[in-house]
$ cat work20.txt   # compact mmCIF, C-alpha atoms
# COMPACT_ATOMS: atom_id res chain seq x y z
CA MET L 1 -10.32 14.15 -2.54
CA PHE L 2 -7.48 12.41 -4.40
CA CYS L 3 -5.08 12.25 -1.42
CA ARG L 4 -7.73 10.88 0.94
CA ALA L 5 -8.79 8.14 -1.45
CA ARG L 6 -5.15 7.32 -2.21
CA ALA L 7 -4.32 7.18 1.50
CA ARG L 8 -7.14 4.71 2.13
CA ILE L 9 -6.09 2.51 -0.81
CA LEU L 10 -2.44 2.58 0.27
CA ALA L 11 -3.35 1.75 3.87
CA ILE L 12 -5.56 -1.15 2.84
CA ALA L 13 -2.92 -2.50 0.46
CA THR L 14 -0.23 -2.18 3.10
CA VAL L 15 -2.34 -3.94 5.74
CA ALA L 16 -3.08 -6.72 3.28
CA ALA L 17 0.60 -7.04 2.42
CA THR L 18 1.45 -7.15 6.13
CA LEU L 19 -1.18 -9.74 7.00
CA LEU L 20 -0.91 -12.10 4.04
CA PRO L 21 2.48 -13.61 4.89
CA THR L 22 1.21 -14.54 8.36
CA THR L 23 -1.07 -17.16 6.83
CA ALA L 24 2.05 -19.31 6.96
CA LEU L 25 1.44 -19.49 10.72
CA ALA L 26 -0.68 -22.55 10.00
CA ARG L 27 2.70 -24.12 9.17
CA THR L 28 5.37 -22.58 11.37
CA PRO L 29 8.28 -21.31 9.27
CA GLN L 30 11.69 -22.44 10.39
CA PRO L 31 14.48 -20.00 11.29
CA GLY L 32 16.43 -19.07 8.19
CA GLU L 33 13.52 -19.61 5.79
CA ILE L 34 13.05 -16.85 3.25
CA GLY L 35 9.80 -16.05 1.49
CA ALA L 36 9.49 -13.75 -1.48
CA SER L 37 6.75 -12.48 -3.76
CA ALA L 38 6.38 -10.16 -6.72
CA SER L 39 3.47 -8.83 -8.71
CA LEU L 40 2.57 -6.60 -11.62
CA SER L 41 -0.93 -5.17 -11.90
CA GLY L 42 -2.79 -2.91 -14.25
CA ILE L 43 -5.94 -0.90 -13.60
CA HIS L 44 -8.07 1.18 -15.93
CA GLN L 45 -10.92 3.53 -15.01
CA PHE L 46 -13.10 4.16 -18.06
CA ASP L 47 -14.58 7.58 -18.85
CA THR L 48 -16.31 8.94 -15.77
CA ASP L 49 -18.38 12.13 -15.60
CA LEU L 50 -17.43 14.91 -13.19
CA ASP L 51 -20.36 16.45 -11.30
CA ALA L 52 -19.42 20.00 -12.34
CA GLY L 53 -18.91 19.05 -16.01
CA GLY L 54 -16.34 17.24 -18.08
CA ASP L 55 -15.01 13.76 -17.58
CA PHE L 56 -11.85 11.84 -16.81
CA ARG L 57 -10.27 8.41 -17.16
CA TRP L 58 -7.08 6.95 -15.79
CA THR L 59 -4.79 3.98 -16.18
CA ALA L 60 -2.35 2.68 -13.58
CA GLY L 61 0.50 0.22 -13.40
CA ILE L 62 1.66 -1.21 -10.08
CA ALA L 63 4.85 -3.20 -9.52
CA SER L 64 5.61 -4.67 -6.11
CA GLY L 65 7.89 -7.16 -4.48
CA SER L 66 8.65 -8.36 -0.98
CA ILE L 67 11.07 -10.58 0.85
CA THR L 68 10.72 -11.89 4.41
CA ARG L 69 13.20 -13.85 6.50
CA GLN L 70 12.24 -15.91 9.53
CA LEU L 71 15.00 -14.92 11.98
CA THR L 72 13.90 -17.04 14.95
CA ARG L 73 10.89 -19.28 15.55
CA GLU L 74 9.00 -16.22 16.82
CA PHE L 75 10.41 -13.29 14.88
CA ALA L 76 10.38 -12.46 11.15
CA ALA L 77 11.48 -9.33 9.32
CA GLY L 78 10.87 -8.28 5.77
CA LEU L 79 11.04 -5.53 3.23
CA ALA L 80 8.53 -4.61 0.53
CA LEU L 81 8.89 -2.23 -2.40
CA ARG L 82 6.00 -0.89 -4.43
CA TYR L 83 5.80 1.55 -7.33
CA ASP L 84 2.52 2.96 -8.61
CA TYR L 85 2.28 4.99 -11.81
CA GLU L 86 -0.99 6.63 -12.87
CA ASP L 87 -1.81 8.35 -16.16
CA TRP L 88 -4.86 10.64 -15.85
CA LYS L 89 -6.74 12.16 -18.80
CA PHE L 90 -9.28 14.96 -18.24
CA SER L 91 -11.71 16.29 -20.85
CA GLN L 92 -13.12 19.77 -20.24
CA PRO L 93 -12.93 19.52 -16.42
CA ALA L 94 -15.10 22.50 -15.41
CA ALA L 95 -14.63 21.52 -11.77
CA PHE L 96 -10.93 22.38 -12.13
CA GLY L 97 -11.33 25.63 -14.06
CA GLY L 98 -11.11 23.86 -17.41
CA ALA L 99 -7.56 22.59 -16.80
CA ALA L 100 -6.47 19.09 -15.85
CA ALA L 101 -5.89 18.82 -12.10
CA TRP L 102 -2.97 16.41 -12.60
CA GLY L 103 -1.53 14.18 -15.28
CA HIS L 104 1.11 11.58 -14.44
CA LEU L 105 1.33 10.49 -10.80
CA ASN L 106 4.16 8.50 -9.23
CA ALA L 107 4.08 6.77 -5.85
CA PRO L 108 7.13 4.71 -4.86
CA ASN L 109 6.90 3.14 -1.38
CA ILE L 110 9.11 1.10 0.91
CA VAL L 111 7.70 -0.89 3.82
CA ALA L 112 9.58 -2.71 6.58
CA ASP L 113 7.64 -5.61 8.09
CA PHE L 114 8.32 -6.97 11.58
CA ARG L 115 6.26 -9.87 12.91
CA TYR L 116 6.32 -11.61 16.25
CA ALA L 117 4.50 -14.92 16.77
CA VAL L 118 3.20 -14.92 20.32
CA ASP L 119 2.35 -18.60 19.84
CA SER L 120 1.44 -20.87 16.92
CA GLU L 121 -1.97 -19.18 16.58
CA LEU L 122 -1.34 -15.48 17.23
CA ALA L 123 1.04 -13.05 15.52
CA LEU L 124 1.55 -9.33 15.99
CA GLY L 125 3.13 -7.07 13.43
CA VAL L 126 4.30 -3.54 12.82
CA ALA L 127 5.09 -2.13 9.41
CA PRO L 128 6.63 1.34 9.18
CA LEU L 129 6.39 2.76 5.69
CA PHE L 130 7.90 5.61 3.73
CA GLY L 131 6.98 6.79 0.30
CA TRP L 132 6.41 9.64 -2.05
CA ALA L 133 3.32 10.73 -3.97
CA PHE L 134 4.02 13.28 -6.68
CA GLU L 135 3.19 14.36 -10.19
CA THR L 136 5.86 13.86 -12.83
CA GLY L 137 8.15 16.89 -12.71
CA ALA L 138 7.50 17.72 -9.04
CA LYS L 139 10.25 17.63 -6.43
CA THR L 140 10.18 14.40 -4.41
CA SER L 141 11.29 16.41 -1.36
CA ASP L 142 7.81 17.99 -1.35
CA ALA L 143 6.01 14.66 -1.62
CA LEU L 144 7.15 12.57 1.37
CA THR L 145 4.55 10.33 2.99
CA TYR L 146 5.12 8.10 5.99
CA GLY L 147 3.32 6.14 8.67
CA ALA L 148 2.94 2.76 10.27
CA ILE L 149 0.54 -0.15 10.32
CA LEU L 150 -0.08 -2.26 13.44
CA ALA L 151 -1.64 -5.66 12.83
CA ALA L 152 -2.70 -8.82 14.63
CA THR L 153 -3.44 -12.18 12.99
CA ARG L 154 -5.00 -15.28 14.52
CA VAL L 155 -5.05 -18.78 13.06
CA PHE L 156 -8.36 -20.50 13.80
CA SER L 157 -7.75 -23.52 11.57
CA PRO L 158 -5.54 -24.46 8.60
CA THR L 159 -8.19 -22.90 6.33
CA LEU L 160 -9.22 -19.87 8.42
CA VAL L 161 -6.84 -17.06 9.32
CA LEU L 162 -8.27 -13.68 10.36
CA GLY L 163 -6.46 -10.46 11.03
CA ALA L 164 -7.03 -6.80 11.71
CA GLY L 165 -4.86 -3.75 11.45
CA VAL L 166 -4.82 -0.04 12.05
CA GLY L 167 -2.61 2.52 10.40
CA VAL L 168 -1.60 6.13 10.74
CA MET L 169 -0.39 7.86 7.60
CA ARG L 170 1.09 11.30 7.08
CA GLN L 171 0.20 12.37 3.56
CA VAL L 172 1.39 15.42 1.70
CA ASP L 173 -1.48 17.52 3.03
CA GLU L 174 -2.82 15.76 6.16
CA THR L 175 -2.55 12.93 8.66
CA ASN L 176 -5.07 10.04 8.37
$ encode --input "work20.txt" --output "structure tokens"
Amino acid sequence: MFCRARARILAIATVAATLLPTTALARTPQPGEIGASASLSGIHQFDTDLDAGGDFRWTAGIASGSITRQLTREFAAGLALRYDYEDWKFSQPAAFGGAAAWGHLNAPNIVADFRYAVDSELALGVAPLFGWAFETGAKTSDALTYGAILAATRVFSPTLVLGAGVGVMRQVDETN
């Protein structure tokens, strides 16, 4: 349950991070230009009942940053770093035998971003990613995740840019 939901969220966030910089296609970046971004986010899930009894809540902090360099008129490459930290609190979780399923989760990720502008309106991208998803105290060697996102973005006008992507992720317990 947790890994599947986390995989979907990570894939969506990665696709968004891959597609967002291509909105600059409306204004073609010049070779040598560098773009960068950074963000800090917080999320809180208030008390939520578990079907089998008990409840849980969690709080997360997410720090991310990226840098992209336009190498030629057609080709750009970038790097993004992201760190997620989640603090889970369970109260009488009967579904988990009365014990908390997990407590403090860590998920550092690194994503390379390669984009090729076919023309001024169409860009293709690939973003291989590597990361870890583990509970505090676990060995990171047991928590490796990896995959890739393929994306395409088309500029229809200066105010309308649409894109789509597909990703394959290898999580700790399965491939999605």
$ closest_residue --input "work20.txt" --among "L:Asp113, L:Asp55, L:Asp87, L:Asp119" --to "L:Glu135" --atoms "only C-alpha atoms"
L:Asp87
$ closest_atom_pairs --input "work20.txt" --of "stretch 62-89 of chain L" --to "stretch 30-44 of chain L" --cutoff "8 Å" --atoms "all atoms listed in the file" --output "CSV"
residue,atom,partner,partner_atom,distance
L:Ile62,CA,L:Ser41,CA,5.1
L:Ala63,CA,L:Leu40,CA,4.6
L:Ser64,CA,L:Ser39,CA,5.4
L:Gly65,CA,L:Ala38,CA,4.0
L:Ser66,CA,L:Ser37,CA,5.3
L:Ile67,CA,L:Ala36,CA,4.2
L:Thr68,CA,L:Gly35,CA,5.2
L:Arg69,CA,L:Ile34,CA,4.4
L:Gln70,CA,L:Pro31,CA,5.0
L:Leu71,CA,L:Pro31,CA,5.2
L:Thr72,CA,L:Pro31,CA,4.7
L:Arg73,CA,L:Pro31,CA,5.6
$ atom_distance --input "work20.txt" --atom1 "atom CA of L:Thr159" --atom2 "atom CA of L:Leu124"
19.3 Å
$ residues_around --input "work20.txt" --residues "L:Ala164" --least-positions-apart "3" --cutoff "7 Å" --atoms "all atoms listed in the file" --output "list in words"
Ala151, Ala152 and Thr153 of chain L
$ atom_distance --input "work20.txt" --atom1 "atom CA of L:Ala143" --atom2 "atom CA of L:Met169"
13.1 Å
$ decode --input "work20.txt" --residues "stretch 75-89 of chain L" --atoms "N, CA and C atoms" --output "compact mmCIF listing (two decimals), in the first residue's frame"
# COMPACT_ATOMS: atom_id res chain seq x y z
N PHE L 75 19.66 21.10 -27.23
CA PHE L 75 19.90 20.14 -26.15
C PHE L 75 20.17 20.84 -24.81
N ALA L 76 19.47 20.35 -23.77
CA ALA L 76 19.68 20.84 -22.41
C ALA L 76 19.85 19.65 -21.48
N ALA L 77 20.65 19.84 -20.45
CA ALA L 77 20.86 18.80 -19.45
C ALA L 77 20.77 19.42 -18.06
N GLY L 78 20.24 18.65 -17.14
CA GLY L 78 20.10 19.17 -15.79
C GLY L 78 20.21 18.10 -14.75
N LEU L 79 20.18 18.54 -13.51
CA LEU L 79 20.28 17.67 -12.37
C LEU L 79 19.33 18.19 -11.30
N ALA L 80 18.58 17.28 -10.68
CA ALA L 80 17.67 17.66 -9.61
C ALA L 80 17.93 16.77 -8.40
N LEU L 81 17.86 17.38 -7.24
CA LEU L 81 18.00 16.66 -5.98
C LEU L 81 16.74 16.90 -5.17
N ARG L 82 16.29 15.85 -4.49
CA ARG L 82 15.07 15.97 -3.68
C ARG L 82 15.24 15.10 -2.45
N TYR L 83 14.81 15.63 -1.30
CA TYR L 83 14.85 14.86 -0.06
C TYR L 83 13.50 14.97 0.63
N ASP L 84 12.87 13.83 0.86
CA ASP L 84 11.60 13.77 1.57
C ASP L 84 11.84 13.15 2.93
N TYR L 85 11.24 13.73 3.96
CA TYR L 85 11.29 13.15 5.30
C TYR L 85 9.86 13.10 5.82
N GLU L 86 9.44 11.93 6.31
CA GLU L 86 8.08 11.77 6.81
C GLU L 86 8.12 11.25 8.24
N ASP L 87 7.28 11.82 9.09
CA ASP L 87 7.16 11.41 10.48
C ASP L 87 5.74 10.89 10.67
N TRP L 88 5.60 9.58 10.87
CA TRP L 88 4.30 8.92 11.00
C TRP L 88 4.03 8.62 12.47
N LYS L 89 2.79 8.83 12.89
CA LYS L 89 2.34 8.51 14.25
C LYS L 89 1.09 7.63 14.14
